[in-house]
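See below for the structure under consideration.
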Amino acid sequence: MFRVNEVLKYESKLFRVLQILSEQIVWIDMAAPKAFPVVMLTKELRIALEDGVLLRAEDPFAQLAFETPEPGSSAQKKRDKNYTLILDIVTDPRSYLPKVRAEYINEIVSDGRATKRSIYIALRRYWQRGQTPNALLPDYKNSGGKGKKKKASGKLGRPRKYTSGVGAVIDEQVEQLFRRTIDKYLLKDKKISIAYAHRRFKTLYKNIFPEILDSEVPTKRQMQYFYQREYSQIERLKKRTSSIEYNKDTRQLIGTATSNALGPGSRFEIDATIADIYLVSDSDRVNIVGRPVIYMVIDVFSRMVAGFYVGFESPSYVTAMQALATAMTDKVEWCKQFGFEDVTYEDWPVVGLPSVILADRGELLGHQIESLVSNFGVRIENAPPYRGDAKGIVERYFGTIQAEFKPFAPGVVEKTLIKKRGGKDYRAEAEMSVFEFKQIIMSTVLLHNKYHVLEKYDREVDMPADLAMTPLSLWNWGIQNRTGRLRTASEDALRISLLPRVKATASELGVSVFGVYYTSSELMKSGWMHRSKDVHRPVGMSAAYDPASADNVYLFPFKGKSDYWVCSLTDCFREFQGSSFWDVWQVKDAQKRTIAKSKQEEAEQKRLHEEFVSGLIKSAKKKSPDTRHMSNAERIRGIKGNKVQEKETERNVPFYKPEKKRNDEPAKVLSLNGDIQEEDYSYPEYIDELFNGEDS
């Protein structure tokens with residue numbers, strides 16, 4: 001029931017079991033300074049244990065088993081010396097008897113090896129602290145009062161050797177000034193040094209004590225000691241680092257992203273960055289087009305790159321959807337566009353919908369993503385602002401993928417644009433085209449997915465030791481042994497659901513999207529384009545559009561339903577045929593600027609016209625003769641005759657006087673093949689084309 005070295009608690013005191021006899025046990029009080037081994041009946045202790053009076057307790061000296069003093073240190077020497085001194089006593093099973101113990105002690109004292117007091121201290125430490133040699137280790141760790149405030153009448157520390165003066169005593173008043181300076185300067189996120197803070201303290205100190213000598217001002221070392229003693233390391237880090245930087249780069253990490261992923265397709269991370277390289281145009285390599293935007297979509301469980309986007313649109317919902325569209329659909333045909341003909345489905349098997357997409361708040365936050373959530377059951381998670389560490393996997397991959405081309409490619413962004421003597425502007429060194437850069441990204445992604453070894457991947461318990469730690473191997477293993485695999489969906493429905501949406505309005509001209517009108521057979525049948533006041537058109541419609549093509553939009557005519565109509569450009573807006581919506585926005589913007597400028601000119605000319613008309617009217621009023629001698633009836637009766645007279649005057653003025661021409665006849669043209677049939681150059685008629693399909 002009882003064990004040697006066990007700690008028991010009786011009446012709030014701790015006792016250690018030293019020996020177990022047939023009907024008795026030997027224990028010792030672990031806290032008494034003059035304790036000796038005491039013999040207790042096992043039967044009585046058993047009853048006390050059953051009654052709850054005697055309890056088993058934790059050993060307060062258990063940590064001594066883990067201490068290892070430095071070889072040759074004073075702690076080791078003292079331990080070994082004391083253990084050798086009492087070895088004969090503690091190894092004798094009768095040492096609990098006072099007479100036996102006294103014989104050993106008297107012999108040691110007579111030999112002059114130690115005093116009785118030293119022997120008893122060593123014996124008690126040995127018995128009370130666990131009956132091991134380490135129980136005799138001196139408690140040097142408790143010496144010096146580490147971390148405790150020291151009180152002294154004079155200056156602490158070693159005396160000065162080279163600097164004049166004695167130095168200052170750090171009392172409560174100095175500590176208050178220390179604390180005031182530290183709180184004002186050091187505990188800020190401005191990275192102020194301790195030297196600068198001490199200079200500010202020195203100014204404050206000399207303002208309070210103007211007659212003090214510089215040699216008697218508290219030193220920087222004294223201030224630094226107070227700073228490190230009174231303020232913990234965690235407090236200093238939090239105060240001296242901005243909350244954004246602390247949460248992103250400094251705080252301690254207690255988890256791993258993989259632990260939250262149940263399997264392949266369980267969680268995707270998406271993020272964007274601006275590549276550190278300048279590119280040239282595909283059509284004209286003389287034109288430098290700038291730095292492209294790279295979007296990456298990565299599966300958390302396998303680290304497989306599911307899809308990406310490279311272009312020049314700013315990070316937004318539109319570009320994020322293009323990256324997600326590639327991540328959720330088959331990549332074989334997509335790879336062929338970049339010249340990778342041998343890529344198969346088995347090389348890049350990421351096709352389908354994930355369970356969760358983790359993104360920044362800007363791209364996937366809003367009503368535009370609701371179709372993906374409601375129609376396909378994909379959960380969207382948004383990282384907090386300024387917390388790139390929440391998407392650590394995709395953030396880390398940006399550095400990896402750019403390391404593949406930065407050492408070799410021209411036009412790579414450097415740290416500064418300040419050119420040294422003989423230096424060059426890296427922007428002018430751009431030589432790689434956009435398509436070539438996309439090929440590099442595609443090749444890097446294929447290499448990563450199939451062959452990159454994830455040395456620091458946190459393996460699951462059941463992963464076999466011979467499993468190749470590559471993204472493709474982890475993906476295939478997870479499909480066979482884990483949940484969370486991708487769900488299938490119609491590619492057309494998926495792409496349309498991912499497309500950005502905008503409000504659409506219906507009129508007799510068609511459906512208006514960004515000021516461009518579209519029509520379809522369904523729209524014609526609905527009767528919304530008839531020109532009548534009795535036609536009732538729906539409001540609040542939305543349309544999905546592909547930013548890369550303005551030829552078609554996808555109209556959702558009914559709220560709450562996924563039915564859509566494919567609408568094409570009307571003839572009135574054929575100028576945008578084959579254009580992208582970026583071109584449409586650019587042209588529309590230019591047209592609006594031109595119209596605004598023309599209206600401004602029109603308003604100015606109209607103002608001048610109105611002034612001219614107003615002047616003529618005033619002049620006419622001044623020239624009006626005095627008609628008071630005639631009545632209104634007489635003037636009205638003369639209208640008919642006056643009109644006839646005005647006609648005669650108008651007829652005498654020639655309208656057109658032709659010039660005289662010579663009577664030269666044109667030469668006749670003779671055909672070598674006989675008579676030529678005259679071609680009909682009359683204006684054509686478009687009656688059939690204009691009213692095609694309409695009732696006459």
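As shown in the structure tokens, the chain order sets the letters A, B, ...; within each chain, residues go from 1, and ligands are also counted from 1 in the order they appear.
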Per residue of stretch 264-326 of chain A within 12 Å of stretch 567-591 of chain A, record the nearest atom pair and its distance in Å to one decimal, counting only C-alpha atoms, with rows in chain order and ascending residue number, as a tab-separated table.
residue	atom	partner	partner_atom	distance
A:Phe312	CA	A:Trp582	CA	11.3
A:Glu313	CA	A:Trp582	CA	9.6
A:Val318	CA	A:Trp582	CA	11.5
Kindly export the residues of the current selection with N, CA and C atoms, as a short mmCIF file (atom, residue, chain, number, x, y, z; two decimals), in the first residue's frame.
data_model
loop_
_atom_site.label_atom_id
_atom_site.label_comp_id
_atom_site.auth_asym_id
_atom_site.auth_seq_id
_atom_site.Cartn_x
_atom_site.Cartn_y
_atom_site.Cartn_z
N PHE A 312 -2.76 42.16 -65.22
CA PHE A 312 -2.45 43.52 -64.83
C PHE A 312 -3.63 44.23 -64.18
N GLU A 313 -4.69 43.49 -63.87
CA GLU A 313 -5.79 44.08 -63.12
C GLU A 313 -5.44 44.10 -61.63
N VAL A 318 -12.94 40.56 -59.27
CA VAL A 318 -12.92 40.10 -60.66
C VAL A 318 -11.72 39.19 -60.90
#
Determine which residues of stretch 485-667 of chain A receive a DSSP assignment of strand (DSSP E), computed from the backbone, and state them as a PyMOL selection string. chain A and resi 501-507+510-513+516-519+541-546+549-556+565-569
Between atom CA of A:Gln176 and atom CA of A:Arg240, distance in Å (one decimal):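 Separation of atom CA of A:Gln176 and atom CA of A:Arg240: 20.3 Å.
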For the helix (DSSP H, G or I) assignment from backbone DSSP, which residues of stretch 407-485 of chain A qualify? Please present them as a PyMOL selection string. chain A and resi 426-429+434-451+471-481
Within 10 Å of stretch 28-34 of chain A using only C-alpha atoms, minus same-chain residues under 6 positions, as a PDB file with N, CA and C atoms, in the first residue's frame:
ATOM      1  N   VAL A   7       5.374  10.562  -0.655  1.00  0.00           N
ATOM      2  CA  VAL A   7       5.070  11.717   0.185  1.00  0.00           C
ATOM      3  C   VAL A   7       3.619  11.609   0.636  1.00  0.00           C
ATOM      4  N   LEU A   8       3.418  11.705   1.955  1.00  0.00           N
ATOM      5  CA  LEU A   8       2.086  11.639   2.560  1.00  0.00           C
ATOM      6  C   LEU A   8       1.805  12.933   3.308  1.00  0.00           C
ATOM      7  N   LYS A   9       0.530  13.322   3.317  1.00  0.00           N
ATOM      8  CA  LYS A   9       0.126  14.543   4.003  1.00  0.00           C
ATOM      9  C   LYS A   9      -0.752  14.182   5.193  1.00  0.00           C
ATOM     10  N   TYR A  10      -0.300  14.636   6.366  1.00  0.00           N
ATOM     11  CA  TYR A  10      -1.041  14.328   7.600  1.00  0.00           C
ATOM     12  C   TYR A  10      -1.081  15.596   8.456  1.00  0.00           C
ATOM     13  N   LYS A  13       0.853  18.576   7.297  1.00  0.00           N
ATOM     14  CA  LYS A  13       2.300  18.410   7.241  1.00  0.00           C
ATOM     15  C   LYS A  13       2.638  17.319   6.228  1.00  0.00           C
ATOM     16  N   LEU A  14       3.814  17.462   5.586  1.00  0.00           N
ATOM     17  CA  LEU A  14       4.269  16.487   4.609  1.00  0.00           C
ATOM     18  C   LEU A  14       5.313  15.570   5.231  1.00  0.00           C
ATOM     19  N   PHE A  15       5.157  14.256   4.994  1.00  0.00           N
ATOM     20  CA  PHE A  15       6.079  13.243   5.498  1.00  0.00           C
ATOM     21  C   PHE A  15       6.552  12.389   4.324  1.00  0.00           C
ATOM     22  N   ARG A  16       7.838  11.998   4.374  1.00  0.00           N
ATOM     23  CA  ARG A  16       8.397  11.136   3.340  1.00  0.00           C
ATOM     24  C   ARG A  16       8.649   9.754   3.926  1.00  0.00           C
ATOM     25  N   VAL A  17       8.216   8.705   3.197  1.00  0.00           N
ATOM     26  CA  VAL A  17       8.422   7.320   3.637  1.00  0.00           C
ATOM     27  C   VAL A  17       9.858   6.928   3.316  1.00  0.00           C
ATOM     28  N   LEU A  18      10.641   6.560   4.358  1.00  0.00           N
ATOM     29  CA  LEU A  18      12.044   6.204   4.180  1.00  0.00           C
ATOM     30  C   LEU A  18      12.242   4.703   4.031  1.00  0.00           C
ATOM     31  N   PRO A  60       7.402  17.815  -3.459  1.00  0.00           N
ATOM     32  CA  PRO A  60       7.865  19.171  -3.763  1.00  0.00           C
ATOM     33  C   PRO A  60       9.304  19.218  -4.270  1.00  0.00           C
ATOM     34  N   TYR A  96      17.704   4.219  11.005  1.00  0.00           N
ATOM     35  CA  TYR A  96      16.614   4.944  11.668  1.00  0.00           C
ATOM     36  C   TYR A  96      16.700   4.819  13.184  1.00  0.00           C
ATOM     37  N   TYR A 120      24.388  16.040  10.547  1.00  0.00           N
ATOM     38  CA  TYR A 120      22.934  16.021  10.706  1.00  0.00           C
ATOM     39  C   TYR A 120      22.240  16.834   9.600  1.00  0.00           C
ATOM     40  N   ILE A 121      22.844  17.954   9.219  1.00  0.00           N
ATOM     41  CA  ILE A 121      22.253  18.750   8.127  1.00  0.00           C
ATOM     42  C   ILE A 121      22.225  17.940   6.833  1.00  0.00           C
ATOM     43  N   ARG A 124      19.538  15.071   7.106  1.00  0.00           N
ATOM     44  CA  ARG A 124      18.158  15.564   6.957  1.00  0.00           C
ATOM     45  C   ARG A 124      17.868  15.953   5.508  1.00  0.00           C
ATOM     46  N   ARG A 125      18.819  16.635   4.856  1.00  0.00           N
ATOM     47  CA  ARG A 125      18.599  17.010   3.452  1.00  0.00           C
ATOM     48  C   ARG A 125      18.424  15.763   2.575  1.00  0.00           C
ATOM     49  N   TRP A 127      17.323  12.698   3.515  1.00  0.00           N
ATOM     50  CA  TRP A 127      16.058  12.017   3.793  1.00  0.00           C
ATOM     51  C   TRP A 127      14.848  12.857   3.381  1.00  0.00           C
ATOM     52  N   GLN A 128      14.876  14.130   3.659  1.00  0.00           N
ATOM     53  CA  GLN A 128      13.708  14.972   3.406  1.00  0.00           C
ATOM     54  C   GLN A 128      13.506  15.266   1.918  1.00  0.00           C
ATOM     55  N   ARG A 129      14.577  15.268   1.148  1.00  0.00           N
ATOM     56  CA  ARG A 129      14.483  15.721  -0.244  1.00  0.00           C
ATOM     57  C   ARG A 129      14.514  14.593  -1.269  1.00  0.00           C
ATOM     58  N   GLY A 130      14.399  13.333  -0.850  1.00  0.00           N
ATOM     59  CA  GLY A 130      14.208  12.271  -1.824  1.00  0.00           C
ATOM     60  C   GLY A 130      15.170  11.127  -1.787  1.00  0.00           C
TER      61      GLY A 130
END
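Summary of the local environment: counting only C-alpha atoms, residues at most 10 Å from A:Val539, other than itself and those fewer than 5 positions away along its chain, are A:Lys503, A:Ala504, A:Thr505, A:Ala506, A:Pro557, A:Phe558, A:Lys559.
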If you keep all heavy atoms, can you produce a file of those selected residues as an mmCIF file, in the first residue's frame?
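In the end it all went to selection19.cif:
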data_model
loop_
_atom_site.group_PDB
_atom_site.id
_atom_site.type_symbol
_atom_site.label_atom_id
_atom_site.label_comp_id
_atom_site.auth_asym_id
_atom_site.auth_seq_id
_atom_site.Cartn_x
_atom_site.Cartn_y
_atom_site.Cartn_z
ATOM 1 N N LYS A 503 -25.905 45.308 -61.717
ATOM 2 C CA LYS A 503 -27.323 45.565 -61.957
ATOM 3 C C LYS A 503 -27.573 45.773 -63.443
ATOM 4 O O LYS A 503 -26.760 46.376 -64.153
ATOM 5 C CB LYS A 503 -27.776 46.793 -61.180
ATOM 6 C CG LYS A 503 -27.836 46.575 -59.677
ATOM 7 C CD LYS A 503 -28.374 47.809 -58.980
ATOM 8 C CE LYS A 503 -28.465 47.577 -57.477
ATOM 9 N NZ LYS A 503 -28.980 48.782 -56.773
ATOM 10 N N ALA A 504 -28.714 45.272 -63.919
ATOM 11 C CA ALA A 504 -29.105 45.410 -65.314
ATOM 12 C C ALA A 504 -30.508 45.998 -65.385
ATOM 13 O O ALA A 504 -31.368 45.672 -64.557
ATOM 14 C CB ALA A 504 -29.055 44.063 -66.031
ATOM 15 N N THR A 505 -30.734 46.872 -66.361
ATOM 16 C CA THR A 505 -32.049 47.496 -66.549
ATOM 17 C C THR A 505 -32.548 47.180 -67.952
ATOM 18 O O THR A 505 -31.771 47.093 -68.913
ATOM 19 C CB THR A 505 -31.959 49.016 -66.370
ATOM 20 O OG1 THR A 505 -30.983 49.545 -67.276
ATOM 21 C CG2 THR A 505 -31.556 49.364 -64.947
ATOM 22 N N ALA A 506 -33.882 47.019 -68.079
ATOM 23 C CA ALA A 506 -34.509 46.678 -69.355
ATOM 24 C C ALA A 506 -35.232 47.895 -69.909
ATOM 25 O O ALA A 506 -35.842 48.675 -69.171
ATOM 26 C CB ALA A 506 -35.473 45.511 -69.184
ATOM 27 N N PRO A 557 -33.037 37.004 -64.939
ATOM 28 C CA PRO A 557 -34.257 37.832 -64.972
ATOM 29 C C PRO A 557 -35.147 37.682 -63.747
ATOM 30 O O PRO A 557 -35.977 38.555 -63.483
ATOM 31 C CB PRO A 557 -34.967 37.341 -66.233
ATOM 32 C CG PRO A 557 -34.516 35.925 -66.389
ATOM 33 C CD PRO A 557 -33.117 35.863 -65.857
ATOM 34 N N PHE A 558 -34.997 36.578 -63.023
ATOM 35 C CA PHE A 558 -35.906 36.325 -61.912
ATOM 36 C C PHE A 558 -35.123 36.282 -60.598
ATOM 37 O O PHE A 558 -34.118 35.563 -60.490
ATOM 38 C CB PHE A 558 -36.652 34.998 -62.118
ATOM 39 C CG PHE A 558 -37.292 34.886 -63.472
ATOM 40 C CD1 PHE A 558 -36.798 33.985 -64.405
ATOM 41 C CD2 PHE A 558 -38.365 35.688 -63.824
ATOM 42 C CE1 PHE A 558 -37.376 33.878 -65.658
ATOM 43 C CE2 PHE A 558 -38.952 35.591 -65.082
ATOM 44 C CZ PHE A 558 -38.449 34.679 -66.001
ATOM 45 N N LYS A 559 -35.562 37.035 -59.639
ATOM 46 C CA LYS A 559 -34.892 37.066 -58.350
ATOM 47 C C LYS A 559 -35.041 35.731 -57.631
ATOM 48 O O LYS A 559 -36.101 35.107 -57.660
ATOM 49 C CB LYS A 559 -35.485 38.175 -57.477
ATOM 50 C CG LYS A 559 -35.126 39.579 -57.935
ATOM 51 C CD LYS A 559 -35.666 40.612 -56.954
ATOM 52 C CE LYS A 559 -35.256 42.013 -57.373
ATOM 53 N NZ LYS A 559 -35.760 43.036 -56.417
#
Would you list the contacts of stretch 341-357 of chain A as a VMD selection string, taking every protein, DNA or RNA residue within 9 Å and counting only C-alpha atoms, but skipping same-chain residues closer than 2 positions in sequence? chain A and resid 264 to 270 299 304 to 307 326 to 333 335 to 339 359 376 to 382 446 449 to 450 472 475 to 476 484 to 489 491
With distances taken over only C-alpha atoms, which residue among A:Asp462, A:Tyr426, A:Ser242, A:Ala409 lies nearest A:Ile440?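 Closest to A:Ile440 of all the choices is A:Ala409.
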From atom CA of A:Asn552 to atom CA of A:Lys592 the spacing works out at 22.9 Å
Atom pair atom CA of A:Val413 + atom CA of A:Met442, distance 20.9 Å
Near-A:Ala320 list (12 Å; only C-alpha atoms; drop same-chain fewer than 5 positions) as an MDAnalysis selection string: chainID A and resid 269:273 293:297 307:311 313:315 325:327 357:365 368:369 498:500
Find the residues near A:Val39: any atom within 8 Å, counting only C-alpha atoms, skip ones fewer than 3 places away on the same chain, and give them as a PyMOL selection string. chain A and resi 24-27
May I ask which of the residues A:Leu85, A:Ala135, A:Ala465, A:Ile20 is the closest one to A:Thr115, counting only C-alpha atoms? A:Leu85
Taking only C-alpha atoms into account, name the residue in A:Arg303, A:Lys621, A:Arg229, A:Arg495 that is nearest to A:Tyr457.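 Once distances to A:Tyr457 are computed over only C-alpha atoms, the minimum belongs to A:Arg303.
In this comparison, which uses only C-alpha atoms, the residue of A:Val513, A:Ser316, A:Phe36, A:Lys78 approaching A:Arg101 most closely is A:Phe36.
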